[in-house]
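Peer 1: CSV, N, CA, C and O atoms, saved as work_13.csv, coming up:
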```
chain,number,residue,atom,x,y,z
A,1,MET,N,39.3,36.5,112.1
A,1,MET,CA,40.8,36.6,112.2
A,1,MET,C,41.4,37.5,111.2
A,1,MET,O,42.3,38.3,111.6
A,2,LYS,N,41.0,37.5,110.0
A,2,LYS,CA,41.5,38.4,108.9
A,2,LYS,C,41.3,39.8,109.3
A,2,LYS,O,42.1,40.7,109.1
A,3,VAL,N,40.1,40.2,109.8
A,3,VAL,CA,39.7,41.5,110.2
A,3,VAL,C,40.7,42.0,111.3
A,3,VAL,O,41.2,43.2,111.2
A,4,HIS,N,40.9,41.2,112.3
A,4,HIS,CA,41.8,41.5,113.4
A,4,HIS,C,43.2,41.8,112.9
A,4,HIS,O,43.8,42.8,113.3
A,5,ILE,N,43.7,41.0,112.0
A,5,ILE,CA,45.1,41.2,111.4
A,5,ILE,C,45.1,42.5,110.6
A,5,ILE,O,46.0,43.3,110.8
A,6,GLU,N,44.1,42.8,109.8
A,6,GLU,CA,44.1,44.0,109.0
A,6,GLU,C,44.0,45.2,109.8
A,6,GLU,O,44.6,46.2,109.6
A,7,ARG,N,43.2,45.2,110.9
A,7,ARG,CA,43.1,46.3,111.8
A,7,ARG,C,44.5,46.6,112.5
A,7,ARG,O,44.9,47.7,112.7
A,8,GLY,N,45.1,45.5,112.9
A,8,GLY,CA,46.5,45.6,113.5
A,8,GLY,C,47.5,46.3,112.5
A,8,GLY,O,48.3,47.1,113.0
A,9,ILE,N,47.4,45.9,111.3
A,9,ILE,CA,48.3,46.5,110.3
A,9,ILE,C,48.0,48.0,110.1
A,9,ILE,O,48.9,48.8,110.1
A,10,ARG,N,46.7,48.3,110.0
A,10,ARG,CA,46.3,49.7,109.9
A,10,ARG,C,46.7,50.5,111.1
A,10,ARG,O,47.2,51.7,111.0
A,11,THR,N,46.5,50.0,112.3
A,11,THR,CA,46.9,50.6,113.5
A,11,THR,C,48.4,50.9,113.5
A,11,THR,O,48.9,52.0,113.8
A,12,HIS,N,49.2,49.9,113.1
A,12,HIS,CA,50.7,50.1,113.1
A,12,HIS,C,51.0,51.1,112.1
A,12,HIS,O,51.9,52.0,112.4
A,13,ALA,N,50.4,51.1,110.9
A,13,ALA,CA,50.7,52.1,109.9
A,13,ALA,C,50.4,53.5,110.4
A,13,ALA,O,51.2,54.5,110.2
A,14,ALA,N,49.2,53.7,111.1
A,14,ALA,CA,48.8,55.0,111.6
A,14,ALA,C,49.9,55.5,112.6
A,14,ALA,O,50.2,56.6,112.7
A,15,LYS,N,50.3,54.6,113.5
A,15,LYS,CA,51.3,54.9,114.5
A,15,LYS,C,52.6,55.4,113.9
A,15,LYS,O,53.2,56.4,114.3
A,16,VAL,N,53.0,54.7,112.8
A,16,VAL,CA,54.3,55.1,112.1
A,16,VAL,C,54.1,56.5,111.5
A,16,VAL,O,55.0,57.4,111.6
A,17,PHE,N,53.0,56.8,110.9
A,17,PHE,CA,52.7,58.1,110.4
A,17,PHE,C,52.7,59.2,111.5
A,17,PHE,O,53.3,60.3,111.3
A,18,ILE,N,52.1,58.9,112.6
A,18,ILE,CA,52.0,59.9,113.7
A,18,ILE,C,53.4,60.1,114.2
A,18,ILE,O,53.8,61.3,114.4
A,19,GLN,N,54.1,59.1,114.5
A,19,GLN,CA,55.4,59.2,115.1
A,19,GLN,C,56.4,59.9,114.1
A,19,GLN,O,57.4,60.5,114.5
A,20,GLY,N,56.1,59.8,112.8
A,20,GLY,CA,56.9,60.4,111.8
A,20,GLY,C,56.6,61.8,111.5
A,20,GLY,O,57.3,62.5,110.7
A,21,GLY,N,55.6,62.4,112.2
A,21,GLY,CA,55.3,63.8,112.1
A,21,GLY,C,54.1,64.2,111.3
A,21,GLY,O,54.0,65.2,110.7
A,22,ALA,N,53.1,63.3,111.2
A,22,ALA,CA,51.9,63.6,110.5
A,22,ALA,C,51.3,64.8,111.1
A,22,ALA,O,51.4,65.1,112.3
A,23,GLN,N,50.6,65.6,110.3
A,23,GLN,CA,50.0,66.8,110.7
A,23,GLN,C,48.6,66.5,111.4
A,23,GLN,O,47.6,66.3,110.8
A,24,LEU,N,48.7,66.6,112.8
A,24,LEU,CA,47.6,66.2,113.6
A,24,LEU,C,46.5,67.3,113.8
A,24,LEU,O,45.5,67.0,114.3
A,25,GLN,N,46.8,68.5,113.3
A,25,GLN,CA,45.9,69.6,113.4
A,25,GLN,C,44.9,69.6,112.3
A,25,GLN,O,44.0,70.4,112.3
A,26,LEU,N,45.2,68.8,111.2
A,26,LEU,CA,44.3,68.9,110.1
A,26,LEU,C,42.9,68.4,110.5
A,26,LEU,O,42.7,67.7,111.4
A,27,LYS,N,41.9,68.9,109.7
A,27,LYS,CA,40.5,68.6,110.1
A,27,LYS,C,39.7,68.1,108.8
A,27,LYS,O,40.0,68.6,107.7
A,28,THR,N,38.8,67.3,109.0
A,28,THR,CA,37.9,66.8,107.9
A,28,THR,C,36.9,67.9,107.6
A,28,THR,O,36.8,68.9,108.3
A,29,TYR,N,36.1,67.7,106.6
A,29,TYR,CA,35.1,68.6,106.2
A,29,TYR,C,34.0,68.7,107.3
A,29,TYR,O,33.3,69.7,107.4
A,30,GLU,N,34.0,67.7,108.2
A,30,GLU,CA,33.1,67.8,109.4
A,30,GLU,C,33.8,68.3,110.6
A,30,GLU,O,33.2,68.3,111.7
A,31,ASN,N,35.0,68.9,110.4
A,31,ASN,CA,35.7,69.5,111.5
A,31,ASN,C,36.3,68.5,112.5
A,31,ASN,O,36.5,68.9,113.7
A,32,ASP,N,36.5,67.3,112.1
A,32,ASP,CA,37.1,66.3,113.0
A,32,ASP,C,38.6,66.2,112.8
A,32,ASP,O,39.1,66.3,111.7
A,33,THR,N,39.4,66.1,113.9
A,33,THR,CA,40.8,65.9,113.9
A,33,THR,C,41.1,64.4,113.9
A,33,THR,O,40.2,63.6,114.2
A,34,PRO,N,42.3,64.0,113.6
A,34,PRO,CA,42.7,62.6,113.7
A,34,PRO,C,42.4,62.1,115.1
A,34,PRO,O,41.9,60.9,115.3
A,35,LEU,N,42.6,62.9,116.2
A,35,LEU,CA,42.3,62.4,117.5
A,35,LEU,C,40.8,62.2,117.7
A,35,LEU,O,40.3,61.2,118.3
A,36,ASP,N,40.0,63.1,117.2
A,36,ASP,CA,38.5,63.0,117.2
A,36,ASP,C,38.1,61.7,116.6
A,36,ASP,O,37.2,60.9,117.2
A,37,LEU,N,38.6,61.4,115.4
A,37,LEU,CA,38.2,60.2,114.7
A,37,LEU,C,38.7,58.9,115.5
A,37,LEU,O,37.9,57.9,115.6
A,38,ALA,N,39.9,58.9,116.0
A,38,ALA,CA,40.4,57.8,116.7
A,38,ALA,C,39.6,57.5,118.0
A,38,ALA,O,39.3,56.4,118.3
A,39,GLU,N,39.2,58.6,118.7
A,39,GLU,CA,38.3,58.4,119.8
A,39,GLU,C,36.9,57.9,119.5
A,39,GLU,O,36.4,57.0,120.1
A,40,ARG,N,36.4,58.5,118.4
A,40,ARG,CA,35.0,58.1,118.0
A,40,ARG,C,35.0,56.6,117.6
A,40,ARG,O,34.0,55.9,118.0
A,41,TYR,N,36.0,56.1,116.9
A,41,TYR,CA,36.0,54.7,116.5
A,41,TYR,C,36.7,53.8,117.4
A,41,TYR,O,37.0,52.6,117.0
A,42,HIS,N,37.0,54.2,118.6
A,42,HIS,CA,37.6,53.4,119.6
A,42,HIS,C,39.0,52.8,119.2
A,42,HIS,O,39.3,51.6,119.6
A,43,TYR,N,39.8,53.5,118.5
A,43,TYR,CA,41.2,53.1,118.2
A,43,TYR,C,42.1,53.5,119.4
A,43,TYR,O,42.7,54.6,119.3
A,44,VAL,N,42.1,52.7,120.4
A,44,VAL,CA,42.8,53.1,121.7
A,44,VAL,C,44.3,53.3,121.4
A,44,VAL,O,44.8,54.3,121.9
A,45,GLN,N,44.9,52.4,120.7
A,45,GLN,CA,46.4,52.6,120.5
A,45,GLN,C,46.7,53.8,119.7
A,45,GLN,O,47.7,54.5,120.0
A,46,ILE,N,45.9,54.2,118.7
A,46,ILE,CA,46.1,55.4,117.9
A,46,ILE,C,45.8,56.6,118.8
A,46,ILE,O,46.6,57.6,118.7
A,47,THR,N,44.8,56.6,119.6
A,47,THR,CA,44.5,57.7,120.5
A,47,THR,C,45.7,57.9,121.4
A,47,THR,O,46.1,59.1,121.6
A,48,GLU,N,46.2,56.9,122.0
A,48,GLU,CA,47.3,57.0,122.9
A,48,GLU,C,48.6,57.5,122.2
A,48,GLU,O,49.3,58.4,122.8
A,49,THR,N,48.8,57.1,121.0
A,49,THR,CA,49.9,57.6,120.2
A,49,THR,C,49.8,59.0,119.9
A,49,THR,O,50.8,59.8,120.0
A,50,ILE,N,48.6,59.5,119.5
A,50,ILE,CA,48.4,60.9,119.2
A,50,ILE,C,48.6,61.7,120.4
A,50,ILE,O,49.3,62.8,120.4
A,51,LEU,N,48.1,61.3,121.5
A,51,LEU,CA,48.2,62.1,122.8
A,51,LEU,C,49.7,62.2,123.2
A,51,LEU,O,50.2,63.2,123.6
A,52,LYS,N,50.4,61.1,123.1
A,52,LYS,CA,51.8,61.1,123.4
A,52,LYS,C,52.6,62.0,122.5
A,52,LYS,O,53.4,62.8,122.9
A,53,GLN,N,52.3,62.0,121.2
A,53,GLN,CA,53.0,62.8,120.2
A,53,GLN,C,52.7,64.3,120.5
A,53,GLN,O,53.6,65.1,120.4
A,54,GLN,N,51.4,64.6,120.9
A,54,GLN,CA,51.1,66.0,121.2
A,54,GLN,C,51.9,66.5,122.5
A,54,GLN,O,52.3,67.6,122.5
A,55,GLN,N,52.1,65.6,123.4
A,55,GLN,CA,52.9,65.9,124.6
A,55,GLN,C,54.3,66.2,124.3
A,55,GLN,O,54.9,67.1,124.7
A,56,ILE,N,54.9,65.4,123.4
A,56,ILE,CA,56.2,65.5,122.9
A,56,ILE,C,56.4,66.9,122.2
A,56,ILE,O,57.3,67.6,122.4
A,57,ALA,N,55.4,67.2,121.4
A,57,ALA,CA,55.4,68.4,120.6
A,57,ALA,C,55.4,69.7,121.5
A,57,ALA,O,56.0,70.7,121.1
A,58,GLN,N,54.7,69.6,122.6
A,58,GLN,CA,54.7,70.7,123.5
A,58,GLN,C,56.0,71.1,124.1
A,58,GLN,O,56.3,72.2,124.4
A,59,PHE,N,56.9,70.1,124.2
A,59,PHE,CA,58.2,70.3,124.8
A,59,PHE,C,59.3,70.6,123.8
A,59,PHE,O,60.4,70.9,124.2
A,60,ASP,N,59.0,70.5,122.5
A,60,ASP,CA,60.0,70.8,121.5
A,60,ASP,C,60.0,72.3,121.2
A,60,ASP,O,59.2,73.1,121.4
```
Let me see the structure of the file written as structure tokens.

Peer 2:
Amino acid sequence: MKVHIERGIRTHAAKVFIQGGAQLQLKTYENDTPLDLAERYHYVQITETILKQQQIAQFD
């Protein structure tokens, strides 16, 4: 139960950062973007938030 709650808090925090304008084009030393990492670790809500934010950015 504790792990589920902590993951939910981290997911919410990530969504706030993304919606607040986090730099999604940054890459790790392994050349991974935030989207790559979200997809790799199956963070569905974060993946959806990043994709939505990228669509919004295209129209700005």

Peer 1: From chain A, collect each residue whose DSSP state is alpha helix (DSSP H) and return the set as JSON, numbers by chain.

Peer 2: {"A": [2, 3, 4, 5, 6, 7, 8, 9, 10, 11, 12, 13, 14, 15, 16, 17, 18, 19, 34, 35, 36, 37, 38, 39, 40, 44, 45, 46, 47, 48, 49, 50, 51, 52, 53, 54, 55, 56, 57, 58, 59]}

Peer 1: Atom CA of Glu30 of chain A to atom CA of Val44 of chain A: how many Å, to one decimal?

Peer 2: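 Going from atom CA of Glu30 of chain A over to atom CA of Val44 of chain A covers 21.5 Å.
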
Peer 1: State, in Å with one decimal place, the distance from atom CA of Thr28 of chain A to atom CA of Ala13 of chain A.

Peer 2: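 According to the coordinates, atom CA of Thr28 of chain A and atom CA of Ala13 of chain A are separated by 19.6 Å.
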
Peer 1: Which distance in Å separates atom O of Pro34 of chain A and atom C of Phe59 of chain A, to one decimal?

Peer 2: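 Taking atom O of Pro34 of chain A as the start and atom C of Phe59 of chain A as the end point, the length is 21.7 Å.
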
Peer 1: If we count only C-alpha atoms, what is near Ile46 of chain A at a cut-off of 7 Å, once residues fewer than 5 positions away on the same chain are taken out, given as a list of chain:residue names?

Peer 2: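 After dropping sequence-adjacent residues, the list is A:Thr11, A:Ala14, A:Lys15, A:Ala38.
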
Peer 1: I need the residue nearest Ala57 of chain A from this list: A:Ile18, A:Tyr29, A:Asp36, A:Tyr41. Use only C-alpha atoms for the distance.

Peer 2: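 With only C-alpha atoms as the atom set, the closest residue is A:Ile18.
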